[in-house]
Structures are given as C-alpha cells and as structure tokens.
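Worksheet: the structure to be examined is printed underneath.
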Amino acid sequence: MHYLNVSVNKKFEELKDYEVSCLTYKLKNLLKSDLEKFNQIKLYNEIEIPLLKTLAKMEIEGINLDVKFLKKLSERTTNELEDITKEIYELAGEEFNISSPKQLGEVLFDKMKIISNPKKTKTGQYSTSEEVLNELSSKSDLVKLVLKFRSISKLLNTYINSLPKQLDKYTNRIHTEYVQTVASTGRLSSINPNLQNIPIRTNRGREVRKAFIARNKDYFLMAADYSQIELRIIASLSNEENMINAFKKNEDIHASTASAVFNVPINQVSKEQRSNAKVVNFGIIYGVSAFGLSNQTNLNRTESKQLIEKYFEKYPKLKQYINNQISFARNNGYVETVLGRRRYLKDINSQNSVVRGAAERNAINAPVQGSAADIIKIAMINIQRKLSKGNYKSKMLLQIHDELVFDVFKPELNEMIELTKNEMEKAFEINVPLTVDLNYGLNWLEAH
DNA sequence: GTAATCACG
DNA sequence: ACGTACGTGATTACA
C-alpha cells in the first residue's frame with residue numbers, strides 16, 4: 001500500500017484522505033484497462049467501480065500479524081535449514097548453492113548420475129522441479145533432503161522472514177493491495193504482499209497461517225468460503241441435471257461423480273475412485289485431456305480416456321456445453337461470464353492445434369472462473385455496504401478468490417455469521433444452491 | 001530482464 | 001503425429 005505513505009501522514013483518523021488518494025491511484029489503473037474492454041460499461045459501473053471503494057477499505061484496514069510468533073518460528077526453521085544444508089553437502093561430497101537449479105542439476109545428474117536420462121527444461125537445463133525430484137526421491141536420500149530444503153527455504157524467504165518486514169509503520173498491520181486489472185478471467189490479484197497464496201497445504205506451511213490473528217482480544221478472525229463454487233457454476237451453466245441434483249441433495253460431489261462413472265452405490269465408493277473422480281471434476285473446469293488426467297492420477301492415458309468418456313456419458317449436458325462454448329468462441333471471438341464479462345480469444349481459430357487447444361481450454365475455463373469472481377465481487381460490495389451502514393466494528397479484510405476473511409468484534413459474532421453467509425449465498429442466483437462454509441477463531445488457521 | 005521454482009485458489 | 005491441464009505473485013540465480 002505504498003500510496004498510503006506517499007500521500008498522507010500517520011493519523012488513522014484521516015481515513016478519508018487515505019481513501020481519496022487510494023481511489024485516485026486505483027482509478028487510473030482501472031481506466032486504462034477500460035479502454036481495452038468493449039461493451040463492458042455496465043460491468044464497469046455496477047461492479048468494478050463500487051468494488052474499488054470496497055477494496056480500498058479492505059486495504060486500508062489491513063490485518064494483524066503475530067510477529068513474536070513468526071520470530072520464534074523463524075529461529076526454529078532457520079536452524080533446521082542449516083542442519084539440512086550440512087547434510088546435503090555431506091551426501092553430495094561438496095558445497096554448492098542448493099538454491100541454484102543449475103548447480104543442483106549438475107550435482108544430481110552429472111556428478112552423482114542418480115538417473116540415466118534426466119528431464120530437461122525448455123532451455124536445455126536439467127529440470128529439478130518438485131515433480132521430477134518426487135519421482136527420484138525413493139532412491140536417493142539426497143533428493144529427499146533437497147525437497148525438504150526447498151520447501152523450508154520457500155516458507156522462510158517468502159513468508160516467515162518477509163511478512164514482518166512488510167508491516168506498515170503507522171498501523172503496524174499488513175496491508176495488501178488488490179489489483180482489478182491483471183487477471184484475464186476477472187479475478188482479483190493481490191500484491192505487496194500477496195495474501196492470496198499464504199500456505200495451507202502442508203503442516204509446516206499451516207504454521208504461517210497461525211500468524212494472521214484477530215485485531216485484539218475483543219475480536220475473532222472469521223473466514224467464509226464458497227463450497228465448490230466453480231463446479232456448481234459449470235453444472236448450472238450447462239444445465240447438467242445429474243450434477244445439479246447431486247448439489248441439490250447436498251451430496252459429496254466427488255463421491256457422487258465416482259458413484260456415477262464407476263457404477264457403484266455412493267456409500268461404496270472407494271478412496272481411489274473418489275480421488276480419481278475429483279481429478280476429473282477439476283479437469284473439467286480446466287478443459288480436460290486424457291494426457292492431463294493421466295498426469296494427475298495413477299491412470300495411464302487409455303484408462304484416462306475411458307474415464308473421460310464414461311464421465312461425459314453420465315454428464316451429457318456438460319459435454320454439450322463444452323462444445324457449445326467452443327463454437328460460440330469460434331463464431332464471436334470471445335466468451336463471457338454470468339455478468340457478461342468477456343474474455344477475447346484471438347487464438348480460437350488458430351491453424352496451430354497447440355495454440356488453438358489452449359484457447360479452447362480458456363473458452364471453457366474463463367466463464368467458470370470469471371463467473372465465480374463476479375459472484376464474490378457482488379457479495380463483497382453488498383457486505384461492505386451493510387457493514388458501513390450498520391456502523392459495524394467488524395471489518396472485511398481479505399479476499400482469496402472464493403473466501404472472505406473478517407475481523408469480527410465479538411459482540412457482533414452471531415450477526416456477522418448470519419450477514420456474511422446470507423450475502424454470499426444470495427449474491428447471485430444460479431440453478432444450484434450456493435453454500436458457504438464459515439468458521440472463526442483466534443487466527444486464520446483456526447478460522448478454517 | 002528472463003527462467004525456474006513453488007506458494008495459493 | 002504432436003504436445004497439453006485454468007488463474008495468479010514472490011524469490012532466487014544468472015546472463
């Protein structure tokens with residue numbers, strides 16, 4: 001939030017001044033992109049401009065960070081990283097820069113020759129990506145250690161040591177900046193710092209989430225996220241009744257899909273079947289291919305192909321919708337979301353099948369991802385209006401694509417739960433119910 | 001400045 | 001026969 005420092009001084013009561021400079025700054029940014037859009041005036045006036053003020057308030061509000069906790073975590077983690085570094089040097093028989101993919105590749109594949117035919121990147125370097133290393137880790141302790149080194153140094157450099165440095169010197173809180181103009185689907189992005197990629201998938205990463213805490217002892221941190229919003233949207237857009245009914249019955253959607261494609265009762269779906277069905281459901285949103293599917297599962301390409309065929313047999317309208325989207329894009333040069341947000345696809349009629357294929361996947365994905373973005377934007381605008389009007393002490397702080405995070409003043413808790421859930425679920429009506437999971441606690445991890 | 005890698009939805 | 005999952009941002013190394 002650099003404009004905060006440039007524009008005014010320290011007093012937080014001068015919120016109005018902050019707001020003005022914030023709006024001006026962002027408006028410029030937005031107008032520029034408006035020129036590139038066409039026939040998007042309604043969207044601009046009814047969504048993006050009102051959202052501007054909502055985002056400004058969130059940015060100015062910021063979020064509290066537990067610096068003491070991060071400091072302790074940093075000490076522990078740094079020690080661990082040093083130990084691992086020594087072990088790696090010992091196994092490698094030399095010291096080198098483990099953070100250099102080039103040097104690491106030379107150690108693993110030239111010196112130690114742990115595999116005969118190493119994968120290369122497009123520039124001809126050895127690939128040492130997580131995916132490659134994971135396959136080699138079973139036969140090499142060195143590779144195992146490198147993977148551990150990578151994950152720890154990522155957490156340390158990007159989050160644990162970096163976030164405390166980005167506390168605002170006047171508010172002592174973390175103020176991200178939301179950008180409305182970079183994501184081609186209509187999503188927001190978050191920068192300086194990015195608070196939309198705070199770790200959650202690993203136990204070690206989850207520690208970082210604990211550092212995001214409520215304003216003070218009178219507050220909880222509350223998180224509300226849409227359940228399966230993208231899948232619900234594509235079910236609705238395609239009018240695929242088999243999927244719509246599963247959502248209406250509030251079934252576990254991946255189990256329901258598995259039950260359909262593997263022909264077993266839903267309560268007898270195996271873990272593996274559910275997991276494979278989940279991958280296809282995700283794949284559908286991205287624009288499936290047998291290759292992509294086999295990459296993500298233990299299935300080979302033939303099995304993947306059969307699974308996709310079976311899937312479309314059970315969800316025929318989905319198949320039809322995908323074909324319709326592609327032909328709409330071919331005829332019109334763009335696709336659009338539920339609010340008419342367009343994504344132009346200049347490569348949709350390309351002679352090059354690789355380039356065209358990518359555009360076709362965009363034609364499927366953009367309306368889905370973009371409609372989800374539209375819907376949460378409506379919810380945010382409406383929630384902010386209610387919070388302002390009602391003079392709530394509770395504040396909306398963060399948006400993470402399908403999730404909103406709040407500082408909730410404890411006496412307002414019940415009211416806030418109701419208000420948030422309600423505004424999110426009724427933000428925009430589609431052919432399936434939208435449901436929101438909501439939790440609260442002392443920190444962001446507890447709020448999940 | 002670009003490439004590689006990896007954090008998230 | 002060929003090459004492929006969608007959307008982002010930050011950090012590090014290296015030319």
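Following the order of the structure tokens, first chain is A, next is B, and so on, with residues numbered from 1 inside each chain and ligands from 1 in the order they appear.
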Contacts of region 7-15 of chain C at 9 Å (only C-alpha atoms (C1' of nucleotides); same-chain gap of 3+ positions) as a ChimeraX atom specification | /A:99-102,154,157-158,182-185,187-194,196-197,366,369 /B:4-5,7-9
Selected residues written out with C-alpha atoms (C1' of nucleotides), as an mmCIF file, in the first residue's frame:
```cif
data_model
loop_
_atom_site.group_PDB
_atom_site.id
_atom_site.type_symbol
_atom_site.label_atom_id
_atom_site.label_comp_id
_atom_site.auth_asym_id
_atom_site.auth_seq_id
_atom_site.Cartn_x
_atom_site.Cartn_y
_atom_site.Cartn_z
ATOM 1 C CA SER A 99 19.034 -22.773 -4.434
ATOM 2 C CA SER A 100 20.564 -22.760 -7.889
ATOM 3 C CA PRO A 101 18.644 -25.197 -10.098
ATOM 4 C CA LYS A 102 21.623 -25.224 -12.449
ATOM 5 C CA LYS A 154 10.422 -21.146 0.428
ATOM 6 C CA ASN A 157 12.120 -16.469 2.468
ATOM 7 C CA THR A 158 8.651 -15.752 1.160
ATOM 8 C CA VAL A 182 -4.410 -8.117 -14.384
ATOM 9 C CA ALA A 183 -6.316 -11.394 -14.259
ATOM 10 C CA SER A 184 -7.799 -12.199 -17.655
ATOM 11 C CA THR A 185 -10.775 -14.009 -16.120
ATOM 12 C CA ARG A 187 -10.336 -12.462 -10.684
ATOM 13 C CA LEU A 188 -8.548 -10.108 -8.334
ATOM 14 C CA SER A 189 -4.882 -10.393 -7.676
ATOM 15 C CA SER A 190 -3.051 -9.434 -4.515
ATOM 16 C CA ILE A 191 0.387 -7.847 -4.296
ATOM 17 C CA ASN A 192 2.891 -6.304 -1.880
ATOM 18 C CA PRO A 193 2.458 -8.655 -0.177
ATOM 19 C CA ASN A 194 0.396 -11.306 -1.930
ATOM 20 C CA GLN A 196 -3.792 -14.892 -1.682
ATOM 21 C CA ASN A 197 -1.047 -17.518 -1.505
ATOM 22 C CA ALA A 366 -12.810 -18.376 -18.309
ATOM 23 C CA GLN A 369 -13.559 -18.926 -13.080
ATOM 24 C "C1'" DA B 4 12.985 -21.762 -12.858
ATOM 25 C "C1'" DT B 5 10.602 -22.874 -8.954
ATOM 26 C "C1'" DA B 7 3.114 -20.715 -2.652
ATOM 27 C "C1'" DC B 8 -2.281 -20.300 -3.284
ATOM 28 C "C1'" DG B 9 -7.479 -20.705 -5.410
#
```
Would you give me, as JSON lines, each residue of chain A having an atom within 6 Å of an atom of chain C, along with its shortest atom pair and that distance in Å to one decimal, using only C-alpha atoms (C1' of nucleotides) and sorting by chain and residue number?
```
{"residue": "A:Ser100", "atom": "CA", "partner": "C:DA13", "partner_atom": "C1'", "distance": 5.8}
{"residue": "A:Tyr286", "atom": "CA", "partner": "C:DC6", "partner_atom": "C1'", "distance": 4.7}
{"residue": "A:Gly292", "atom": "CA", "partner": "C:DA5", "partner_atom": "C1'", "distance": 5.0}
{"residue": "A:Asn365", "atom": "CA", "partner": "C:DC6", "partner_atom": "C1'", "distance": 6.0}
```
Determine, for each residue of chain A having at least one atom at most 12 Å from an atom of chain B, the closest pair of atoms and their separation in Å to one decimal, counting only C-alpha atoms (C1' of nucleotides); order by chain and ascending number, as JSON lines.
```
{"residue": "A:Ser99", "atom": "CA", "partner": "B:DT5", "partner_atom": "C1'", "distance": 9.6}
{"residue": "A:Ser100", "atom": "CA", "partner": "B:DA4", "partner_atom": "C1'", "distance": 9.1}
{"residue": "A:Pro101", "atom": "CA", "partner": "B:DA4", "partner_atom": "C1'", "distance": 7.2}
{"residue": "A:Lys102", "atom": "CA", "partner": "B:DA4", "partner_atom": "C1'", "distance": 9.3}
{"residue": "A:Gly105", "atom": "CA", "partner": "B:DA4", "partner_atom": "C1'", "distance": 11.9}
{"residue": "A:Lys120", "atom": "CA", "partner": "B:DA4", "partner_atom": "C1'", "distance": 11.6}
{"residue": "A:Thr121", "atom": "CA", "partner": "B:DA4", "partner_atom": "C1'", "distance": 8.8}
{"residue": "A:Lys122", "atom": "CA", "partner": "B:DA3", "partner_atom": "C1'", "distance": 9.6}
{"residue": "A:Thr123", "atom": "CA", "partner": "B:DA3", "partner_atom": "C1'", "distance": 8.4}
{"residue": "A:Gly124", "atom": "CA", "partner": "B:DA3", "partner_atom": "C1'", "distance": 11.3}
{"residue": "A:Gln125", "atom": "CA", "partner": "B:DA4", "partner_atom": "C1'", "distance": 9.8}
{"residue": "A:Tyr126", "atom": "CA", "partner": "B:DA4", "partner_atom": "C1'", "distance": 10.5}
{"residue": "A:Ser127", "atom": "CA", "partner": "B:DA4", "partner_atom": "C1'", "distance": 8.6}
{"residue": "A:Thr128", "atom": "CA", "partner": "B:DT5", "partner_atom": "C1'", "distance": 8.7}
{"residue": "A:Ser129", "atom": "CA", "partner": "B:DT5", "partner_atom": "C1'", "distance": 6.6}
{"residue": "A:Glu130", "atom": "CA", "partner": "B:DT5", "partner_atom": "C1'", "distance": 8.2}
{"residue": "A:Glu131", "atom": "CA", "partner": "B:DT5", "partner_atom": "C1'", "distance": 10.7}
{"residue": "A:Val132", "atom": "CA", "partner": "B:DT5", "partner_atom": "C1'", "distance": 11.9}
{"residue": "A:Leu147", "atom": "CA", "partner": "B:DC6", "partner_atom": "C1'", "distance": 11.3}
{"residue": "A:Arg150", "atom": "CA", "partner": "B:DC6", "partner_atom": "C1'", "distance": 8.8}
{"residue": "A:Ser151", "atom": "CA", "partner": "B:DC6", "partner_atom": "C1'", "distance": 8.2}
{"residue": "A:Ile152", "atom": "CA", "partner": "B:DC6", "partner_atom": "C1'", "distance": 11.2}
{"residue": "A:Ser153", "atom": "CA", "partner": "B:DC6", "partner_atom": "C1'", "distance": 10.6}
{"residue": "A:Lys154", "atom": "CA", "partner": "B:DC6", "partner_atom": "C1'", "distance": 7.5}
{"residue": "A:Leu155", "atom": "CA", "partner": "B:DA7", "partner_atom": "C1'", "distance": 8.3}
{"residue": "A:Leu156", "atom": "CA", "partner": "B:DA7", "partner_atom": "C1'", "distance": 11.6}
{"residue": "A:Asn157", "atom": "CA", "partner": "B:DA7", "partner_atom": "C1'", "distance": 11.2}
{"residue": "A:Thr158", "atom": "CA", "partner": "B:DA7", "partner_atom": "C1'", "distance": 8.4}
{"residue": "A:Tyr159", "atom": "CA", "partner": "B:DA7", "partner_atom": "C1'", "distance": 9.3}
{"residue": "A:Arg187", "atom": "CA", "partner": "B:DG9", "partner_atom": "C1'", "distance": 10.2}
{"residue": "A:Leu188", "atom": "CA", "partner": "B:DG9", "partner_atom": "C1'", "distance": 11.0}
{"residue": "A:Ser189", "atom": "CA", "partner": "B:DG9", "partner_atom": "C1'", "distance": 10.9}
{"residue": "A:Ser190", "atom": "CA", "partner": "B:DC8", "partner_atom": "C1'", "distance": 11.0}
{"residue": "A:Asn194", "atom": "CA", "partner": "B:DC8", "partner_atom": "C1'", "distance": 9.5}
{"residue": "A:Leu195", "atom": "CA", "partner": "B:DC8", "partner_atom": "C1'", "distance": 8.8}
{"residue": "A:Gln196", "atom": "CA", "partner": "B:DC8", "partner_atom": "C1'", "distance": 5.8}
{"residue": "A:Asn197", "atom": "CA", "partner": "B:DC8", "partner_atom": "C1'", "distance": 3.5}
{"residue": "A:Ile198", "atom": "CA", "partner": "B:DC8", "partner_atom": "C1'", "distance": 6.3}
{"residue": "A:Pro199", "atom": "CA", "partner": "B:DA7", "partner_atom": "C1'", "distance": 6.2}
{"residue": "A:Ile200", "atom": "CA", "partner": "B:DC8", "partner_atom": "C1'", "distance": 8.2}
{"residue": "A:Arg201", "atom": "CA", "partner": "B:DC8", "partner_atom": "C1'", "distance": 9.0}
{"residue": "A:Thr202", "atom": "CA", "partner": "B:DA7", "partner_atom": "C1'", "distance": 10.8}
{"residue": "A:Gly205", "atom": "CA", "partner": "B:DA7", "partner_atom": "C1'", "distance": 9.3}
{"residue": "A:Arg206", "atom": "CA", "partner": "B:DA7", "partner_atom": "C1'", "distance": 11.8}
{"residue": "A:Val208", "atom": "CA", "partner": "B:DA7", "partner_atom": "C1'", "distance": 11.6}
{"residue": "A:Asp225", "atom": "CA", "partner": "B:DG9", "partner_atom": "C1'", "distance": 10.9}
{"residue": "A:Tyr226", "atom": "CA", "partner": "B:DG9", "partner_atom": "C1'", "distance": 11.3}
{"residue": "A:Gln228", "atom": "CA", "partner": "B:DG9", "partner_atom": "C1'", "distance": 11.1}
{"residue": "A:Ile229", "atom": "CA", "partner": "B:DG9", "partner_atom": "C1'", "distance": 11.1}
{"residue": "A:Glu230", "atom": "CA", "partner": "B:DG9", "partner_atom": "C1'", "distance": 10.6}
{"residue": "A:Gln369", "atom": "CA", "partner": "B:DG9", "partner_atom": "C1'", "distance": 9.9}
{"residue": "A:Ala372", "atom": "CA", "partner": "B:DG9", "partner_atom": "C1'", "distance": 11.1}
{"residue": "A:Ala373", "atom": "CA", "partner": "B:DG9", "partner_atom": "C1'", "distance": 11.0}
{"residue": "A:Gln399", "atom": "CA", "partner": "B:DG9", "partner_atom": "C1'", "distance": 10.5}
{"residue": "A:Ile400", "atom": "CA", "partner": "B:DG9", "partner_atom": "C1'", "distance": 6.9}
{"residue": "A:His401", "atom": "CA", "partner": "B:DG9", "partner_atom": "C1'", "distance": 5.9}
{"residue": "A:Asp402", "atom": "CA", "partner": "B:DG9", "partner_atom": "C1'", "distance": 7.1}
{"residue": "A:Glu403", "atom": "CA", "partner": "B:DG9", "partner_atom": "C1'", "distance": 9.0}
```
How far is it from CA of Ser371 (chain A) to CA of Ile233 (chain A), in Å with one decimal?
->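 The value is 7.4 Å.
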CA of Lys217 (chain A) to CA of Leu442 (chain A): how many Å, to one decimal?
-> 8.4 Å
Would you work out the distance separating CA of Asp83 (chain A) from CA of Phe149 (chain A), expressed in Å to one decimal?
-> 9.7 Å
Mind checking which residues fall within 12 Å of region 351-356 of chain A, counting only C-alpha atoms (C1' of nucleotides), ignoring those fewer than 4 positions away in the same chain, and posting them as a list in words?
-> Ile326, Ala329, Arg330, Leu345, Lys346, Asp347, Glu360, Arg361, Asn362 and Ala363 of chain A; DA1, DC2, DG3 and DT4 of chain C
Limited to C-alpha atoms (C1' of nucleotides), could you put the picked residues into a file as a PDB file, in the first residue's frame?
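Saved the output as out_32.pdb:
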```
ATOM      1  CA  ILE A 326     -16.001 -23.591 -28.148  1.00  0.00           C
ATOM      2  CA  ALA A 329     -15.936 -18.592 -29.150  1.00  0.00           C
ATOM      3  CA  ARG A 330     -15.114 -19.515 -32.749  1.00  0.00           C
ATOM      4  CA  LEU A 345      -9.692 -15.373 -27.511  1.00  0.00           C
ATOM      5  CA  LYS A 346      -7.679 -14.322 -30.528  1.00  0.00           C
ATOM      6  CA  ASP A 347      -6.228 -17.815 -30.998  1.00  0.00           C
ATOM      7  CA  GLU A 360     -10.337 -23.788 -26.327  1.00  0.00           C
ATOM      8  CA  ARG A 361      -9.479 -24.591 -22.729  1.00  0.00           C
ATOM      9  CA  ASN A 362      -9.700 -20.871 -21.992  1.00  0.00           C
ATOM     10  CA  ALA A 363     -13.143 -20.818 -23.608  1.00  0.00           C
TER      11      ALA A 363
ATOM     12  C1'  DA C   1       1.711 -37.362 -35.032  1.00  0.00           C
ATOM     13  C1'  DC C   2       2.008 -33.826 -31.676  1.00  0.00           C
ATOM     14  C1'  DG C   3       2.013 -31.598 -27.101  1.00  0.00           C
ATOM     15  C1'  DT C   4      -1.491 -30.174 -23.333  1.00  0.00           C
TER      16       DT C   4
END
```
6 Å contact set for Phe212 (chain A), only C-alpha atoms (C1' of nucleotides), chain neighbours under 3 positions out, as a VMD selection string | chain A and resid 65 209 443 to 444
Write the residues of the selection above to a file with C-alpha atoms, as a PDB file, in the first residue's frame.
```
ATOM      1  CA  LEU A  65       0.275 -10.209  12.318  1.00  0.00           C
ATOM      2  CA  ARG A 209      -1.440 -19.111   8.911  1.00  0.00           C
ATOM      3  CA  ASN A 443      -6.121 -16.937  13.994  1.00  0.00           C
ATOM      4  CA  TRP A 444      -6.588 -17.714  10.311  1.00  0.00           C
TER       5      TRP A 444
END
```
So which bits of region 83-212 of chain A end up helix (DSSP H, G or I) when you DSSP the backbone, as a count of residues only?
-> 62
